[in-house]
Each structure stands twice: as structure tokens, then as C-alpha cells.
Amino acid sequence: MPFKRYVEIGRVALVNYGKEYGRLVVIVDVIDQNRALVDAPDMVRGQINFKRLSLTDIKIDIPRVPKKKTLIQAMEVADVKNKWENSSWGRKLIVQKRRAALNDFDRFKVMVAKIKRGRAIRQKLGRLKRENAV
Amino acid sequence: MAPSKPRSKSRNPLLIPGIGKFSRSKMYHKRGIWALKAKHGGTFPRHDPKPAAPEPASKKPPKFYPADDVKTPVPNRRKPKPAKLRASITPGTVLILLAGRFMGKRVVFLKQLPSGLLLITGPFTVNGVPLRRVNQAYVIATSTKVDISGVNVDKFDDKYFAKDKKKAYKKSESSFFETEKQEKKLPQQKKDDQKAVDTPLIKAIEAVEYLRGYLGTKFTLRSGTKPHELQF
């Protein structure tokens, strides 16, 4: 029941609205009740409303408002990129992006692959049923 | 002086449309009319008027004068240009037809004809679409391209696809009650043309895995797919 992900300095969050939609950012300071100062290696540091953020499980160790170099170093040490890409949330986002970028030809190939897979599964299942019915 | 090319740019730059930078006297000086006049002894050189063609001696007055003035229509000098081809459509692109008899089929684009229409082919043995013309507006261009270098499409133009004119049948009593049997057989020439275009195409298609099946399948939308979010 209690909260597990807190807004704190070093908390990695995902922007879920606005110009920076889909970007992973680090909370580097809290401005007031509604806003945080947020930074990322390839972004200019700026303020953002908490409502535009979705907190993740990842937290890194940084002082309040670190220099860009320190921030990047801390992110490397904590291995944020790999942790994110291996998490189930991160993996889902990657799959979504991949699916959205599919070509018409790619979508056809996916359809063919799904049919083949389904057929193989049903064949195996049929075989198992026959073996166990006897 | 020997005839020279006329000046392409005006010597009088426009400040605002309708107002030039230089006055009439300044332009007279700039154009060098004073030098021309000096060269020809004070007057601007003139040619003698060409001898006019003699008016035909027997010019009868017209038989009929219309009661009201008849307005002469303004001549239409407009020559329509062929439609500009979308940048995404290049020879060999796979297109999805959106309307007509072959709606939903995926076809190969060959070239744009002088009328602006696109020349496409199924290929015929893959999906039943023959050599055909199609309007660019009723087509989605995918990013899949087929290698079209082995195909020669020079002989095809709009005249190739023109319909044969039906013979005007005489409206006699007998023919009224007879059912006109229109023999519509496809000439062997067209079949040969189709084959000539398709054979190198099919070789190129077989080289890519799944491409033949792709071209044989129709494009469909399923529940939940949003066309405006699809990447083609």
C-alpha cells in the first residue's frame, strides 16, 4: 500500500506529456510543490511539472543540481541506460517504437510469421492431445 | 548593327510593381537612344513599312449581320501540365491501389505517362493486375521498391490504352431486335507485351524473400489499426 517511488534528487523519470515526450530525465532539484528541475545528458536543464513525469524505479546518486559532466558520470556509474532497457517497462516502450516504425512490407512479414507460429503451436498441441488421449 | 539577343533584364529596376526607379528622361539616356540618333544623323532609324498584301478585289459584303453584338470568346491558351509525381513514387515502387476494380491490391509502378497517369503492372501472374493506368490520387506509395532495371517500358504511352471506337450501327428494324454480340477478345499483342514486362520483373521479385506473397496479398485494415498512424 505505501509508495515505493519517491520524488527525490536523483530519481529517474519518464516525461509523459509535452515537447519532451518519451524522454528519460533525472530530477536534479525540486522547485516547489508542483515543479521540479530536470536534466538529461542531451537536454538543456529546465523545469517541468510533476504531472508531466512518470517516476521510474531507477535512482542515481548525485548532489543537488550537479554539473552536466557530473550528471553524465553518475548516470554511467549507475548504468541507467541498460537498467532501463532491460526493465519490463523499458522493453515495452522499445517494442512499441519498433512496431510503430514498421513498413507495410514489414507488417506483412510479421503477419506471415504469426500465422506460421500459430500453426506450429496448434500442430504440436494436436499431436500431444492425440498421444495423451490413447 | 547586326541583330543581337534582346536584353533579358530590364534596365529600370522595380521599386514597387508599377513604379520604376528611373524617370522617362533617365531611361531615354540609359537606353542610349541619344547615341543611336547621333549615329543616324539626328533621327531614329526607321524601316520602310512592309508592302501590305493587296486586298482581294472582290470582297463581298457579308450576307448576315447579327442583331446584337456577338462577343468573341477569349482564346484559351491554357495547356494543362501532367500531374507532378509525388516524391515517394519512383520507378519500381510498390503501390497500394485504393479504388477501382483492383482496390486493395499491391502493384508495381513502372513509369509516369505523358497524361500524368501512372503505368502499373501486377505483375499479372502474381496478383491478376495487368498493365494498367492509374491516377496518382488513388494510390498509396509504400517504401518498398522492386528492381525495375531489366524492364523496358518505352513503348507504352497513353495511345496504347485508348479504347477502340465502336462502329456506329445503323438503326434498322432488324438490328434493333438482334442482341449486339460484342466480341471482346484481348489481342495477342497485349498478352505478349504483358509477358515481356512481367518476366524480368518476376525475376527481381523472386530475389527478395516474401515479396511475391506480399504482392499477391491485398491490403487490409483490422480493428484497432489507425491508418493515419501507419508507416507505409
# chains A, B, ... in the order shown; residues from 1 in each chain; ligands from 1
>>> select_by_dssp(residues="chain A", states="strand (DSSP E)", output="PyMOL selection string")
chain A and resi 11-15+24-30+35-39+46-49+53-59
>>> write_last_selection(atoms="N, CA and C atoms", output="tab-separated table (two decimals), in the first residue's frame")
chain	number	residue	atom	x	y	z
A	11	ARG	N	16.17	10.91	-8.81
A	11	ARG	CA	15.15	9.97	-9.30
A	11	ARG	C	15.05	10.10	-10.81
A	12	VAL	N	15.10	8.98	-11.51
A	12	VAL	CA	14.95	9.00	-12.97
A	12	VAL	C	13.46	8.91	-13.29
A	13	ALA	N	13.01	9.79	-14.19
A	13	ALA	CA	11.58	9.81	-14.54
A	13	ALA	C	11.42	9.84	-16.05
A	14	LEU	N	10.24	9.48	-16.49
A	14	LEU	CA	9.92	9.50	-17.92
A	14	LEU	C	8.94	10.63	-18.17
A	15	VAL	N	9.24	11.48	-19.15
A	15	VAL	CA	8.32	12.57	-19.47
A	15	VAL	C	7.15	12.00	-20.26
A	24	LEU	N	13.82	10.17	-21.05
A	24	LEU	CA	14.20	9.83	-19.67
A	24	LEU	C	14.98	10.99	-19.09
A	25	VAL	N	14.53	11.50	-17.93
A	25	VAL	CA	15.20	12.63	-17.31
A	25	VAL	C	15.50	12.33	-15.84
A	26	VAL	N	16.37	13.11	-15.27
A	26	VAL	CA	16.73	12.95	-13.86
A	26	VAL	C	16.28	14.19	-13.11
A	27	ILE	N	15.63	13.98	-11.97
A	27	ILE	CA	15.22	15.13	-11.14
A	27	ILE	C	16.45	15.62	-10.39
A	28	VAL	N	16.83	16.86	-10.66
A	28	VAL	CA	18.04	17.38	-10.01
A	28	VAL	C	17.72	18.39	-8.92
A	29	ASP	N	16.47	18.86	-8.85
A	29	ASP	CA	16.09	19.77	-7.78
A	29	ASP	C	14.58	19.87	-7.77
A	30	VAL	N	14.04	20.27	-6.61
A	30	VAL	CA	12.60	20.47	-6.52
A	30	VAL	C	12.36	21.97	-6.38
A	35	ARG	N	6.60	21.68	-9.19
A	35	ARG	CA	7.58	21.62	-10.27
A	35	ARG	C	8.92	21.12	-9.80
A	36	ALA	N	9.62	20.50	-10.74
A	36	ALA	CA	10.96	20.04	-10.45
A	36	ALA	C	11.89	20.58	-11.51
A	37	LEU	N	13.17	20.68	-11.13
A	37	LEU	CA	14.20	21.00	-12.11
A	37	LEU	C	14.72	19.67	-12.63
A	38	VAL	N	14.81	19.55	-13.92
A	38	VAL	CA	15.02	18.24	-14.52
A	38	VAL	C	16.15	18.36	-15.55
A	39	ASP	N	16.93	17.30	-15.67
A	39	ASP	CA	18.09	17.37	-16.57
A	39	ASP	C	18.31	16.01	-17.23
A	46	GLY	N	15.91	22.14	-17.33
A	46	GLY	CA	14.73	23.01	-17.29
A	46	GLY	C	13.72	22.52	-16.29
A	47	GLN	N	12.69	23.35	-16.07
A	47	GLN	CA	11.68	22.99	-15.08
A	47	GLN	C	10.55	22.24	-15.76
A	48	ILE	N	9.90	21.39	-14.99
A	48	ILE	CA	8.80	20.61	-15.54
A	48	ILE	C	7.83	20.30	-14.41
A	49	ASN	N	6.55	20.25	-14.72
A	49	ASN	CA	5.54	19.94	-13.70
A	49	ASN	C	5.58	18.46	-13.38
A	53	LEU	N	5.48	14.02	-15.36
A	53	LEU	CA	6.51	13.00	-15.17
A	53	LEU	C	5.90	11.70	-14.68
A	54	SER	N	6.48	10.59	-15.12
A	54	SER	CA	6.16	9.28	-14.54
A	54	SER	C	7.43	8.77	-13.91
A	55	LEU	N	7.40	8.56	-12.57
A	55	LEU	CA	8.62	8.13	-11.87
A	55	LEU	C	8.95	6.69	-12.22
A	56	THR	N	10.25	6.40	-12.30
A	56	THR	CA	10.69	5.02	-12.53
A	56	THR	C	11.34	4.49	-11.26
A	57	ASP	N	11.76	3.22	-11.33
A	57	ASP	CA	12.41	2.60	-10.17
A	57	ASP	C	13.84	3.06	-10.00
A	58	ILE	N	14.40	3.68	-11.03
A	58	ILE	CA	15.84	3.93	-11.04
A	58	ILE	C	16.15	5.22	-10.31
A	59	LYS	N	17.20	5.15	-9.45
A	59	LYS	CA	17.65	6.36	-8.75
A	59	LYS	C	19.16	6.40	-8.85
>>> interface_residues(of="chain A", to="chain B", cutoff="8 Å", atoms="only C-alpha atoms", output="tab-separated table (two decimals) with all heavy atoms, in the first residue's frame")
chain	number	residue	atom	x	y	z
A	100	ALA	N	5.64	0.78	-34.25
A	100	ALA	CA	5.13	1.98	-34.92
A	100	ALA	C	5.93	2.29	-36.17
A	100	ALA	O	5.41	2.88	-37.11
A	100	ALA	CB	5.18	3.16	-33.97
A	101	ALA	N	7.21	1.87	-36.19
A	101	ALA	CA	8.05	2.19	-37.33
A	101	ALA	C	8.01	1.14	-38.42
A	101	ALA	O	8.74	1.22	-39.38
A	101	ALA	CB	9.50	2.36	-36.84
A	102	LEU	N	7.14	0.14	-38.26
A	102	LEU	CA	7.07	-0.93	-39.26
A	102	LEU	C	6.54	-0.42	-40.59
A	102	LEU	O	5.60	0.34	-40.64
A	102	LEU	CB	6.15	-2.06	-38.77
A	102	LEU	CG	6.72	-3.04	-37.77
A	102	LEU	CD1	5.65	-4.07	-37.46
A	102	LEU	CD2	7.95	-3.72	-38.32
A	103	ASN	N	7.16	-0.90	-41.63
A	103	ASN	CA	6.81	-0.69	-43.01
A	103	ASN	C	5.56	-1.51	-43.34
A	103	ASN	O	5.26	-2.45	-42.64
A	103	ASN	CB	7.98	-1.31	-43.77
A	103	ASN	CG	8.12	-0.77	-45.11
A	103	ASN	OD1	7.17	-0.29	-45.64
A	103	ASN	ND2	9.32	-0.88	-45.63
A	104	ASP	N	4.91	-1.25	-44.48
A	104	ASP	CA	3.80	-2.12	-44.90
A	104	ASP	C	4.30	-3.53	-45.19
A	104	ASP	O	3.66	-4.52	-44.85
A	104	ASP	CB	3.14	-1.52	-46.16
A	104	ASP	CG	1.85	-2.23	-46.52
A	104	ASP	OD1	1.03	-2.46	-45.61
A	104	ASP	OD2	1.65	-2.55	-47.69
A	105	PHE	N	5.48	-3.63	-45.82
A	105	PHE	CA	6.08	-4.93	-46.11
A	105	PHE	C	6.42	-5.66	-44.82
A	105	PHE	O	6.20	-6.85	-44.66
A	105	PHE	CB	7.33	-4.73	-46.98
A	105	PHE	CG	7.91	-5.98	-47.55
A	105	PHE	CD1	7.15	-7.13	-47.68
A	105	PHE	CD2	9.23	-6.01	-47.97
A	105	PHE	CE1	7.69	-8.28	-48.21
A	105	PHE	CE2	9.78	-7.15	-48.51
A	105	PHE	CZ	9.01	-8.30	-48.63
A	108	PHE	N	3.46	-7.18	-43.25
A	108	PHE	CA	3.09	-8.42	-43.94
A	108	PHE	C	3.94	-9.56	-43.43
A	108	PHE	O	3.45	-10.65	-43.14
A	108	PHE	CB	3.28	-8.25	-45.44
A	108	PHE	CG	3.11	-9.51	-46.22
A	108	PHE	CD1	1.85	-10.00	-46.50
A	108	PHE	CD2	4.21	-10.23	-46.68
A	108	PHE	CE1	1.68	-11.17	-47.22
A	108	PHE	CE2	4.05	-11.40	-47.40
A	108	PHE	CZ	2.78	-11.87	-47.66
A	109	LYS	N	5.27	-9.31	-43.28
A	109	LYS	CA	6.16	-10.37	-42.81
A	109	LYS	C	5.80	-10.80	-41.39
A	109	LYS	O	5.87	-11.98	-41.04
A	109	LYS	CB	7.61	-9.91	-42.87
A	109	LYS	CG	8.15	-9.83	-44.31
A	109	LYS	CD	9.64	-9.61	-44.35
A	109	LYS	CE	9.92	-8.14	-44.57
A	109	LYS	NZ	11.32	-7.86	-44.87
>>> closest_residue(among="B:Ile89, B:Leu98, B:Val126, B:Ala52", to="B:Glu206", atoms="only C-alpha atoms")
B:Val126
>>> select_by_dssp(residues="chain A", states="helix (DSSP H, G or I)", output="JSON, numbers by chain")
{"A": [50, 51, 52, 68, 69, 70, 71, 72, 73, 74, 75, 76, 77, 78, 80, 81, 82, 83, 84, 85, 86, 88, 89, 90, 91, 92, 93, 94, 95, 96, 97, 98, 99, 100, 104, 105, 106, 107, 108, 109, 110, 111, 112, 113, 114, 115, 116, 117, 118, 119, 120, 121, 122, 123, 124, 125, 126, 127, 128, 129, 130, 131, 132, 133]}
>>> atom_distance(atom1="atom CA of A:Ala78", atom2="atom CA of A:Arg99")
29.2 Å
>>> closest_residue(among="B:Lys145, B:Arg31, B:Lys195, B:Arg132", to="B:Pro91", atoms="only C-alpha atoms")
B:Lys145
>>> closest_residue(among="B:Lys60, B:Phe109, B:His29, B:Leu85", to="B:Leu201", atoms="only C-alpha atoms")
B:Phe109
>>> residues_around(residues="B:Gly32", least_positions_apart="6", cutoff="12 Å", atoms="only C-alpha atoms", output="list in words")
Arg11, Ser25, Lys26, Ala38, Lys39 and Phe44 of chain B
>>> write_last_selection(atoms="C-alpha atoms", output="PDB file, in the first residue's frame")
ATOM      1  CA  ARG B  11      17.375  48.444 -67.135  1.00  0.00           C
ATOM      2  CA  SER B  25      14.239  61.023 -69.440  1.00  0.00           C
ATOM      3  CA  LYS B  26      16.709  58.984 -67.408  1.00  0.00           C
ATOM      4  CA  ALA B  38      23.569  60.699 -83.270  1.00  0.00           C
ATOM      5  CA  LYS B  39      24.768  57.700 -85.262  1.00  0.00           C
ATOM      6  CA  PHE B  44      15.854  57.390 -85.010  1.00  0.00           C
TER       7      PHE B  44
END
>>> residues_around(residues="A:Pro41", least_positions_apart="5", cutoff="8 Å", atoms="only C-alpha atoms", output="list in words")
Lys68, Leu71 and Ile72 of chain A
>>> atom_distance(atom1="atom CA of B:Lys185", atom2="atom CA of B:Asp164")
12.1 Å
>>> atom_distance(atom1="atom CA of A:Lys69", atom2="atom CA of A:Asn34")
27.1 Å
